[in-house]
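I have placed the structure first, in the form of structure tokens, so that the comments after it can refer back to it.
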Amino acid sequence: MTESGTATAGDERLRRWRLVLGAEDDGTGRALGGRDAAMDGALGALYGGGRARGQAQGERSGGLGGSAPRVARWLGDIRTYFPSTVVQVMQRDAIERLGLSTLLLEPEMLEAVEPDVHLVGTLLSLNKAMPDTTRETARAVVRKVVEQLEKRLAARTRATLTGALDRSARVSRPRHHDIDWDRTIRANLKNYLPEHRTVVPERLVGYGRASRAVKKEVVLCIDQSGSMAASVVYASVFGAVLASMRSIATRLVVFDTAVVDLTDQLDDPVDVLFGTQLGGGTDINRALAYCQSKITRPADTVVVLISDLYEGGIRDEMLGRVAAMKAAGVEFVTLLALSDEGAPAYDREHAAALAALGSPAFACTPDLFPEVMAAALEKRPLPVP
């Protein structure tokens with residue numbers, strides 16, 4: 001590397017450390033000006049490590065306070081200076097550290113934020129307190145996030161699950177035009193005749209004939225306690241995608257201490273999300289009792305419980321219901337979370353008890369969920385990460 005290149009790299013390191021450390025007397029000897037000073041001010045307003053924009057030298061940042069105009073300006077600043085992924089983290093930190101949730105009830109604030117899954121969770125937790133003047137803006141924010149998620153997840157989910165359904169529908173006595181020649185040859189390689197250089201197909205493997213009839217039933221049972229906000233958002237989107245597939249009958253149930261069936265709203269995941277009520281207690285046993293009562297074809301049914309497993313109901317009855325469903329032929333899947341963040345705090349004793357029943361509990365990313373569902377539909381081992 002050239003001397004000038006080394007100096008440039010060293011200067012950039014000092015600049016980055018200066019922005020990280022924030023305080024005026026930080027030991028780097030590096031002054032900030034222009035755009036860097038503005039970035040430092042935006043960071044200092046949230047994390048308290050520097051002066052807020054416009055303050056005199058030596059003054060410490062007073063934070064964002066409770067002023068909606070000041071917060072709105074700050075939101076505009078961070079969107080100017082940082083990429084959207086960083087903006088989303090800073091917004092989340094501002095809501096948690098500075099108690100700005102109530103300001104999101106103002107339409108002008110919602111128009112200034114960068115929409116993401118966590119912001120949707122916050123809005124849903126404020127749903128009951130949301131004034132009518134804000135509700136339409138909030139729905140627009142939620143719809144933007146939902147459409148982004150559907151664009152990312154829908155096509156792959158449909159393709160993966162359609163393949164799983166086709167494979168599970170293969171028949172052993174197909175008509176000629178329904179024969180799956182690739183699988184038939186593989187199944188009969190032991191019958192290869194070298195002298196004739198051919199395979200004798202003793203067993204034919206075929207595709208199931210296309211049918212508009214429902215092949216599988218899926219029940220999504222979602223814990224809507226506060227810690228499960230991101231999981232509720234993703235599960236609602238996946239529920240809508242599954243409901244759009246003619247060969248899968250999908251039911252979506254959310255619960256805290258009460259149980260709400262949102263199946264009739266699955267054509268619009270935004271309606272589903274605004275039908276939830278984040279927070280409150282948890283009664284998994286009651287929710288599973290409801291789901292169990294709706295199962296008519298256990299051998300063709302997959303039940304997906306999405307919960308941190310902190311049970312406020314009757315533990316032994318909950319486990320008994322899971323055991324009964326599995327004994328009847330239901331594929332039972334337990335997800336501690338359906339999000340990109342991994343598993344939250346969860347009840348390890350209940351997770352171990354479910355694993356002993358043959359339903360290991362694990363956190364699942366949205367990108368892995370189609371594979372998990374495909375394995376459940378085909379009754380093969382789940383791809384536990």
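Residues are named by chain letter and number: chains run A, B, ... in the order of the structure tokens, numbers start at 1 in each chain, and ligands are numbered from 1 in the order shown.
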
Write out as a compact mmCIF listing (two decimals) with N, CA and C atoms, in the first residue's frame each polymer residue whose atoms come within 10 Å of A:Asn191, counting only C-alpha atoms; drop sequence neighbours fewer than 6 positions from it.
```txt
# COMPACT_ATOMS: atom_id res chain seq x y z
N ILE A 185 -37.43 -45.07 -12.84
CA ILE A 185 -36.14 -45.68 -13.18
C ILE A 185 -35.29 -45.88 -11.93
N THR A 198 -31.29 -52.35 -20.45
CA THR A 198 -32.56 -51.72 -20.11
C THR A 198 -32.94 -52.06 -18.67
N VAL A 199 -33.88 -51.31 -18.17
CA VAL A 199 -34.43 -51.54 -16.82
C VAL A 199 -35.84 -52.08 -16.97
N VAL A 200 -36.14 -53.13 -16.22
CA VAL A 200 -37.50 -53.69 -16.21
C VAL A 200 -38.27 -53.00 -15.08
N PRO A 201 -39.25 -52.19 -15.40
CA PRO A 201 -39.97 -51.43 -14.37
C PRO A 201 -41.05 -52.29 -13.69
N GLU A 202 -40.64 -53.02 -12.65
CA GLU A 202 -41.63 -53.81 -11.91
C GLU A 202 -42.60 -52.92 -11.14
```

Stretch 255-258 of chain A environment, 8 Å, only C-alpha atoms, sequence neighbours closer than 2 positions dropped, as a list in words: Cys221, Ile222, Asp223, Gln224, Ser225, Val253, Val260, Gly279, Gly280, Gly281, Thr282, Asp283, Ile284, Arg286, Ala287 and Gly312 of chain A

DSSP-assigned alpha helix (DSSP H) among stretch 77-137 of chain A, expressed as a PyMOL selection string: chain A and resi 77-81+84-98+107-110+117-125+132-137

Residue neighbourhood A:Ile248, 12 Å, only C-alpha atoms, exclusion window fewer than 2 positions, as number ranges by chain: A: 158, 161-162, 164-165, 211-219, 239-246, 250-251, 300-302, 373-374, 377

Could you write those residues out with N, CA, C and O atoms, as a short mmCIF file (atom, residue, chain, number, x, y, z; two decimals), in the first residue's frame?
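Produced file part-v9.cif, reproduced below:
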```
data_model
loop_
_atom_site.label_atom_id
_atom_site.label_comp_id
_atom_site.auth_asym_id
_atom_site.auth_seq_id
_atom_site.Cartn_x
_atom_site.Cartn_y
_atom_site.Cartn_z
N ARG A 158 -44.99 -20.70 -2.15
CA ARG A 158 -45.93 -21.45 -3.00
C ARG A 158 -45.21 -22.55 -3.78
O ARG A 158 -45.71 -23.67 -3.87
N LEU A 161 -44.12 -25.46 -1.33
CA LEU A 161 -45.23 -26.26 -0.81
C LEU A 161 -45.97 -26.99 -1.93
O LEU A 161 -46.48 -28.10 -1.71
N THR A 162 -46.05 -26.39 -3.11
CA THR A 162 -46.67 -27.10 -4.23
C THR A 162 -45.87 -28.36 -4.55
O THR A 162 -46.43 -29.43 -4.81
N ALA A 164 -44.04 -30.07 -2.45
CA ALA A 164 -44.27 -31.04 -1.37
C ALA A 164 -45.61 -31.73 -1.54
O ALA A 164 -45.73 -32.95 -1.34
N LEU A 165 -46.63 -30.98 -1.92
CA LEU A 165 -47.96 -31.58 -2.12
C LEU A 165 -47.95 -32.54 -3.29
O LEU A 165 -48.57 -33.61 -3.24
N SER A 211 -55.76 -31.96 -8.90
CA SER A 211 -57.09 -31.94 -8.32
C SER A 211 -57.33 -30.60 -7.64
O SER A 211 -56.41 -29.99 -7.10
N ARG A 212 -58.55 -30.16 -7.70
CA ARG A 212 -58.90 -28.92 -7.02
C ARG A 212 -59.30 -29.21 -5.57
O ARG A 212 -59.55 -28.29 -4.81
N ALA A 213 -59.36 -30.45 -5.20
CA ALA A 213 -59.75 -30.80 -3.84
C ALA A 213 -58.64 -30.42 -2.87
O ALA A 213 -57.46 -30.39 -3.21
N VAL A 214 -59.03 -30.11 -1.64
CA VAL A 214 -58.07 -29.80 -0.59
C VAL A 214 -57.28 -31.06 -0.25
O VAL A 214 -57.85 -32.11 0.03
N LYS A 215 -55.96 -30.95 -0.28
CA LYS A 215 -55.10 -32.10 0.03
C LYS A 215 -54.65 -32.09 1.48
O LYS A 215 -54.51 -33.13 2.11
N LYS A 216 -54.37 -30.90 2.01
CA LYS A 216 -53.87 -30.78 3.37
C LYS A 216 -54.58 -29.62 4.09
O LYS A 216 -55.07 -28.69 3.46
N GLU A 217 -54.60 -29.72 5.41
CA GLU A 217 -55.13 -28.64 6.24
C GLU A 217 -54.03 -28.15 7.17
O GLU A 217 -53.29 -28.96 7.74
N VAL A 218 -53.91 -26.83 7.29
CA VAL A 218 -52.88 -26.22 8.13
C VAL A 218 -53.56 -25.29 9.13
O VAL A 218 -54.40 -24.46 8.75
N VAL A 219 -53.19 -25.44 10.40
CA VAL A 219 -53.69 -24.57 11.45
C VAL A 219 -52.50 -23.82 12.03
O VAL A 219 -51.58 -24.42 12.58
N GLY A 239 -49.79 -16.91 6.59
CA GLY A 239 -51.17 -17.40 6.60
C GLY A 239 -51.92 -16.99 5.35
O GLY A 239 -52.65 -17.79 4.75
N ALA A 240 -51.72 -15.74 4.93
CA ALA A 240 -52.39 -15.26 3.72
C ALA A 240 -51.87 -15.99 2.48
O ALA A 240 -52.64 -16.31 1.57
N VAL A 241 -50.56 -16.25 2.44
CA VAL A 241 -49.99 -16.98 1.30
C VAL A 241 -50.55 -18.40 1.24
O VAL A 241 -50.97 -18.88 0.17
N LEU A 242 -50.59 -19.09 2.37
CA LEU A 242 -51.12 -20.46 2.40
C LEU A 242 -52.60 -20.47 2.01
O LEU A 242 -53.06 -21.37 1.30
N ALA A 243 -53.34 -19.47 2.50
CA ALA A 243 -54.76 -19.42 2.19
C ALA A 243 -55.02 -19.21 0.70
O ALA A 243 -56.09 -19.56 0.19
N SER A 244 -54.04 -18.64 0.00
CA SER A 244 -54.21 -18.42 -1.44
C SER A 244 -53.99 -19.69 -2.26
O SER A 244 -54.25 -19.71 -3.46
N MET A 245 -53.51 -20.76 -1.61
CA MET A 245 -53.26 -22.03 -2.30
C MET A 245 -54.50 -22.91 -2.19
O MET A 245 -54.92 -23.28 -1.08
N ARG A 246 -55.08 -23.26 -3.33
CA ARG A 246 -56.35 -23.97 -3.37
C ARG A 246 -56.27 -25.35 -2.70
O ARG A 246 -57.26 -25.84 -2.15
N THR A 250 -56.46 -23.40 5.16
CA THR A 250 -55.67 -22.74 6.20
C THR A 250 -56.57 -22.08 7.23
O THR A 250 -57.53 -21.40 6.89
N ARG A 251 -56.23 -22.31 8.50
CA ARG A 251 -56.92 -21.64 9.60
C ARG A 251 -55.89 -20.87 10.40
O ARG A 251 -54.80 -21.39 10.69
N ASP A 300 -54.22 -35.63 7.65
CA ASP A 300 -53.86 -34.67 6.60
C ASP A 300 -53.73 -33.26 7.16
O ASP A 300 -53.83 -32.28 6.41
N THR A 301 -53.49 -33.15 8.46
CA THR A 301 -53.47 -31.83 9.11
C THR A 301 -52.11 -31.55 9.73
O THR A 301 -51.50 -32.42 10.35
N VAL A 302 -51.66 -30.30 9.57
CA VAL A 302 -50.44 -29.81 10.22
C VAL A 302 -50.86 -28.66 11.15
O VAL A 302 -51.51 -27.71 10.71
N MET A 373 -42.46 -26.21 6.58
CA MET A 373 -43.83 -26.59 6.24
C MET A 373 -43.83 -27.72 5.21
O MET A 373 -44.67 -28.64 5.29
N ALA A 374 -42.92 -27.69 4.25
CA ALA A 374 -42.85 -28.76 3.25
C ALA A 374 -42.55 -30.09 3.92
O ALA A 374 -43.17 -31.12 3.60
N LEU A 377 -45.68 -31.28 5.74
CA LEU A 377 -46.70 -31.78 4.82
C LEU A 377 -46.35 -33.17 4.30
O LEU A 377 -47.24 -33.99 4.05
#
```

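Around stretch 133-144 of chain A, within 8 Å and counting only C-alpha atoms, the residues found are Leu105, Glu106, Pro107, Leu110, Glu111, Pro115, Val120, Leu123 and Val270 of chain A, once anything fewer than 5 positions away on its own chain is removed.
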
Shell of 12 Å around A:Arg186, only C-alpha atoms, local chain residues under 2 positions omitted, as a list in words: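 Here the qualifying residues turn out to be Asp180, Trp181, Asp182, Arg183, Thr184, Asn188, Leu189, Lys190, Asn191, Tyr192, Val199, Val200, Pro201, Glu202, Arg203, Leu204 and Val205 of chain A.
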
Secondary structure check, strand (DSSP E or B) residues of stretch 126-264 of chain A, as a PyMOL selection string: chain A and resi 171+179+192-193+198-199+206+216-223+248-255+259-261

Interatomic distance, atom CA of A:Leu309 to atom CA of A:Asp93 (Å, one decimal):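 Between atom CA of A:Leu309 and atom CA of A:Asp93 the gap works out to 26.5 Å.
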
Counting only C-alpha atoms, the option among A:Asp261, A:Asp367, A:Glu378, A:Asp116 closest to A:Lys294: A:Asp261

Spatial neighbours of A:Gln292, max dist 10 Å, only C-alpha atoms, sep filter under 5 positions, as a ChimeraX atom specification: /A:219,286-287,298,303,321-322,324-325,330

Take the residues from that selection and put them in a file with C-alpha atoms, as a PDB file, in the first residue's frame.
```
ATOM      1  CA  VAL A 219     -53.690 -24.567  11.454  1.00  0.00           C
ATOM      2  CA  ARG A 286     -57.206 -23.115  25.679  1.00  0.00           C
ATOM      3  CA  ALA A 287     -55.910 -22.202  22.216  1.00  0.00           C
ATOM      4  CA  PRO A 298     -56.039 -35.477  11.444  1.00  0.00           C
ATOM      5  CA  VAL A 303     -50.755 -27.701  13.394  1.00  0.00           C
ATOM      6  CA  ARG A 321     -53.669 -32.259  23.808  1.00  0.00           C
ATOM      7  CA  VAL A 322     -50.428 -32.277  21.822  1.00  0.00           C
ATOM      8  CA  ALA A 324     -53.580 -36.725  21.515  1.00  0.00           C
ATOM      9  CA  MET A 325     -53.265 -34.819  18.246  1.00  0.00           C
ATOM     10  CA  VAL A 330     -51.597 -34.739  13.182  1.00  0.00           C
TER      11      VAL A 330
END
```

For A:Met39, the nearest of the candidates A:Asp11, A:Asp316, A:Asp77, A:Glu108, counting only C-alpha atoms: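 So, comparing all the options, the nearest one is A:Asp77.
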